[in-house]
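See structure below.
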Amino acid sequence: RRAHYLALRDLPSVTRDGHKITLLHNSGLVADLPMLNETGAEGVGLFRTELQFMIASKLPRLNEQVDLYRDALRIAGERPVVFRLLDIGGDKVVPYMRSAAEENPAMGWRSLRLALDRPGLLRTQVRALLMAAEGKPMKILVPMVTEAFEFRQARLVVQKEIERLKRAGETVPSRVELGAMIEVPSLLFELDQLLPEADFVSIGSNDLIQFLTAADRANPRVSKNYDPIGLPRLRALRHIVDAARRYNVPLTMCGELAGKPLEALALMAIGMNRLSMGPSSIGPVKEMIMALELDPIRKSVAAALADGADGVSMRELLQEWVDRQ
Ligand code: PEP
Ligand code: MG
């Protein structure tokens, strides 16, 4: 299998009818970055910075954070890396950070909420990212944005840190792009406010689908009843795709959905063309892309989304297309 996928590495990720799909890695440790050379992915679409915090025994210091980010950028070379700000809380436990017990940690004091309430941690991380860029461009992704207002707050923190570094005579990135994760349903109804201010956006399907369906992502007993590519979820995703296109804002899917070939096909069928996934998924997804004629599937999926009622299985519809190709 490995040799089989290695043979695809340098081939373009394009469908038979000419649609280019950008494939990226989800990552979080420097150790898996050299995999980029094996998969041929174009960069890192999601670098989960909280992993460094989760495996440490105490809060990583500024210089430790700078070192990690600099190493990641060095290994990625010319390929872009999107660093996501700390997404701790919920299922991501940092043992040395005490937190009050919560009834619903996934919906609790986590991620950006915690970061904005305790800006010291956020400021240190932002400074580390700005320093690690060493004058090159830097891409920062803000997790768990619930309202456009919070994204604005995060941008203010970044701008302040840039000014502070400049005053101290330090090198700042030639350009800082700030993106928002779309993973809380509320934000779907504020895209007209968010998108004009975002340099890019990325969908976190793991959380978005959990919250759309009110079904715990870690509890298969409930989550199995709601196919992530079922019609209501796919309509929600298409709403985001259409809005991002209207505002001309680059959109990536970085939830686990993009790493499964049939699910990736559903995403491509509604117009997504940037998919970020675990490195081991790149080969299988690329193979699917290269064998595919996308336009006819797009038409068929659009029709199903427009007319389909309960009980129409998008999964079966897509599987039939795949079997026919
Ligand atoms: C997501 O929610 O889909 C996502 C990419 O982030 P995480 O899985 O780290 O919550
Ligand atoms: Mg998430």
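Letters A, B, ... go to the chains of the structure tokens in the order shown; residues in each chain start at 1; ligands are counted from 1 in the same order.
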
Give me the residues near Ile140 in chain A as a tab-separated table (two decimals) with C-alpha atoms, in the first residue's frame, where near means some atom within 6 Å (using only C-alpha atoms) and where sequence neighbours in that chain fewer than 2 positions away do not count.
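Contents of the output file part23.tsv:
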```tsv
chain	number	residue	atom	x	y	z
A	82	VAL	CA	-1.47	27.11	9.35
A	83	PHE	CA	-0.95	27.32	13.12
A	84	ARG	CA	-4.10	27.06	15.13
A	178	LEU	CA	-5.64	35.52	10.37
```

Give the residue list for ligand 2 at 7 Å, counting only C-alpha atoms and all ligand atoms, as a PDB file with N, CA and C atoms, in the first residue's frame, sorted by chain and then by residue number.
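The resulting file, part-v1.pdb, is reproduced below:
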```pdb
ATOM      1  N   PRO A 143      -9.530  29.134  16.775  1.00  0.00           N
ATOM      2  CA  PRO A 143     -10.517  28.063  16.955  1.00  0.00           C
ATOM      3  C   PRO A 143     -11.768  28.525  17.702  1.00  0.00           C
ATOM      4  N   MET A 144     -12.846  27.761  17.567  1.00  0.00           N
ATOM      5  CA  MET A 144     -14.073  27.929  18.374  1.00  0.00           C
ATOM      6  C   MET A 144     -14.618  29.354  18.387  1.00  0.00           C
ATOM      7  N   GLU A 183     -16.802  26.185  13.334  1.00  0.00           N
ATOM      8  CA  GLU A 183     -17.115  24.914  13.984  1.00  0.00           C
ATOM      9  C   GLU A 183     -18.201  25.059  15.054  1.00  0.00           C
ATOM     10  N   GLY A 204     -14.183  23.108  10.882  1.00  0.00           N
ATOM     11  CA  GLY A 204     -13.861  21.992  11.773  1.00  0.00           C
ATOM     12  C   GLY A 204     -15.084  21.094  11.827  1.00  0.00           C
ATOM     13  N   ASN A 206     -15.501  18.119  12.885  1.00  0.00           N
ATOM     14  CA  ASN A 206     -15.697  17.288  14.085  1.00  0.00           C
ATOM     15  C   ASN A 206     -16.611  18.005  15.071  1.00  0.00           C
ATOM     16  N   ASP A 207     -16.270  19.260  15.347  1.00  0.00           N
ATOM     17  CA  ASP A 207     -17.102  20.015  16.277  1.00  0.00           C
ATOM     18  C   ASP A 207     -18.383  20.506  15.613  1.00  0.00           C
TER      19      ASP A 207
END
```

May I have all residues of range 119-276 of chain A that DSSP, computed from the backbone, assigns to strand (DSSP E or B), given as a PyMOL selection string?
chain A and resi 138-142+176-182+200-203+251-253+274-276

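Residues in contact range of range 272-283 of chain A, defined as at most 7 Å between only C-alpha atoms, with sequence neighbours fewer than 6 positions away removed, read Tyr5, Ile21, Thr22, Leu23, Leu24, His25, Asn26, Met35, Thr39, Gly45, Val241, Leu251, Thr252, Met253, Cys254, Glu256, Ala258, Gly259 and Lys260 of chain A.
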
Can you list, as a list in words, every protein, DNA or RNA residue that comes within 10 Å of His19 in chain A when you count only C-alpha atoms, leaving out same-chain residues fewer than 5 positions away?
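Near His19 in chain A, the qualifying residues are Ser13, Val14, Met268, Asn273, Ile289, Met290, Leu292, Glu293, Leu294 and Asp295 of chain A.
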
note - CA of Pro196 in chain A and CA of Ala148 in chain A are separated by 10.2 Å

From the set A:Asp227, A:Met54, A:Lys286, A:Pro250, which residue has the shortest atom-to-atom contact distance to Val312 in chain A, counting only C-alpha atoms?
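Selected residue with least distance to Val312 in chain A: A:Asp227.
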
When you count only C-alpha atoms, which of these residues is closest to Met138 in chain A: A:Val172, A:Val157, A:Met288, A:Leu6?
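For Met138 in chain A, the nearest of the given residues is A:Val172.
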
Smallest atom-to-atom distance to Met97 in chain A: which of A:Ala72, A:Val158, A:Ala56, A:Val126, using only C-alpha atoms?
A:Ala56

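Taking CA of Val285 in chain A and CA of Pro261 in chain A as the two end points, the separation is 5.0 Å.
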
Could you list, as a short mmCIF file (atom, residue, chain, number, x, y, z; two decimals) with N, CA and C atoms, in the first residue's frame, every residue within 7 Å of range 68-70 of chain A, counting only C-alpha atoms and ignoring same-chain residues fewer than 2 positions away?
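To be explicit, this is the file written out as result17.cif:
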```
data_model
loop_
_atom_site.label_atom_id
_atom_site.label_comp_id
_atom_site.auth_asym_id
_atom_site.auth_seq_id
_atom_site.Cartn_x
_atom_site.Cartn_y
_atom_site.Cartn_z
N GLU A 64 10.25 27.85 24.29
CA GLU A 64 9.92 26.48 23.86
C GLU A 64 8.87 26.50 22.75
N GLN A 65 7.93 27.41 22.87
CA GLN A 65 6.92 27.54 21.83
C GLN A 65 7.55 28.04 20.52
N VAL A 66 8.42 29.05 20.65
CA VAL A 66 9.10 29.56 19.45
C VAL A 66 9.87 28.44 18.76
N ALA A 72 8.84 23.55 12.91
CA ALA A 72 7.77 23.16 11.99
C ALA A 72 7.92 23.91 10.66
N LEU A 73 8.17 25.21 10.75
CA LEU A 73 8.31 26.01 9.53
C LEU A 73 9.55 25.59 8.74
N ARG A 74 10.59 25.25 9.45
CA ARG A 74 11.82 24.86 8.76
C ARG A 74 11.60 23.56 7.98
N LEU A 129 4.54 32.81 17.93
CA LEU A 129 4.28 32.57 16.51
C LEU A 129 4.91 33.68 15.65
N ALA A 132 8.63 33.22 15.58
CA ALA A 132 9.07 32.03 14.85
C ALA A 132 9.08 32.26 13.34
N ALA A 133 8.28 33.20 12.87
CA ALA A 133 8.21 33.44 11.43
C ALA A 133 9.51 34.00 10.87
#
```

Taking the chain letters and numbering used in this document, name the residues of range 37-137 of chain A that DSSP puts in helix (DSSP H, G or I), as an MDAnalysis selection string.
chainID A and resid 37:39 50:55 62:76 105:107 111:117 119:132

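For Met314 in chain A, the set of protein, DNA and RNA residues having any atom at most 8 Å away, when counting only C-alpha atoms and skipping those fewer than 4 positions along the same chain, is Ile229, Gly230, Leu231, Val301, Ala304 and Leu318 of chain A.
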
Take the residues from that selection and put them in a file with C-alpha atoms, as a compact mmCIF listing (two decimals), in the first residue's frame.
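The result, written out as selection-v1.txt:
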```txt
# COMPACT_ATOMS: atom_id res chain seq x y z
CA ILE A 229 -22.79 13.73 4.94
CA GLY A 230 -26.53 13.40 5.47
CA LEU A 231 -28.56 16.06 3.68
CA VAL A 301 -25.65 16.08 -5.53
CA ALA A 304 -30.48 15.78 -4.21
CA LEU A 318 -22.20 8.78 -3.98
```

Taking into account only C-alpha atoms and all ligand atoms, which residue in the set A:Arg152, A:Arg61, A:Arg48, A:Arg113 is nearest to ligand 1?
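Looking at the shortest contact to ligand 1, the residue is A:Arg48.
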
When you draw a straight line from CA of Arg164 in chain A to CA of Leu130 in chain A, how long is it in Å?
10.9 Å

Nearest candidate to ligand 1 (options A:Ser300, A:Ser111, A:Ser57, A:Gln153; using only C-alpha atoms and all ligand atoms):
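Closest to ligand 1, using only C-alpha atoms and all ligand atoms: A:Ser111.
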
Tell me which protein, DNA and RNA residues are within 9 Å of Leu51 in chain A, counting only C-alpha atoms, leaving out same-chain ones fewer than 6 positions away, and put them as an mmCIF file with C-alpha atoms, in the first residue's frame.
```
data_model
loop_
_atom_site.group_PDB
_atom_site.id
_atom_site.type_symbol
_atom_site.label_atom_id
_atom_site.label_comp_id
_atom_site.auth_asym_id
_atom_site.auth_seq_id
_atom_site.Cartn_x
_atom_site.Cartn_y
_atom_site.Cartn_z
ATOM 1 C CA GLY A 28 0.462 18.904 15.676
ATOM 2 C CA LEU A 29 3.874 17.454 16.325
ATOM 3 C CA LEU A 86 -4.505 26.888 21.561
ATOM 4 C CA LYS A 92 -8.262 18.265 25.266
#
```
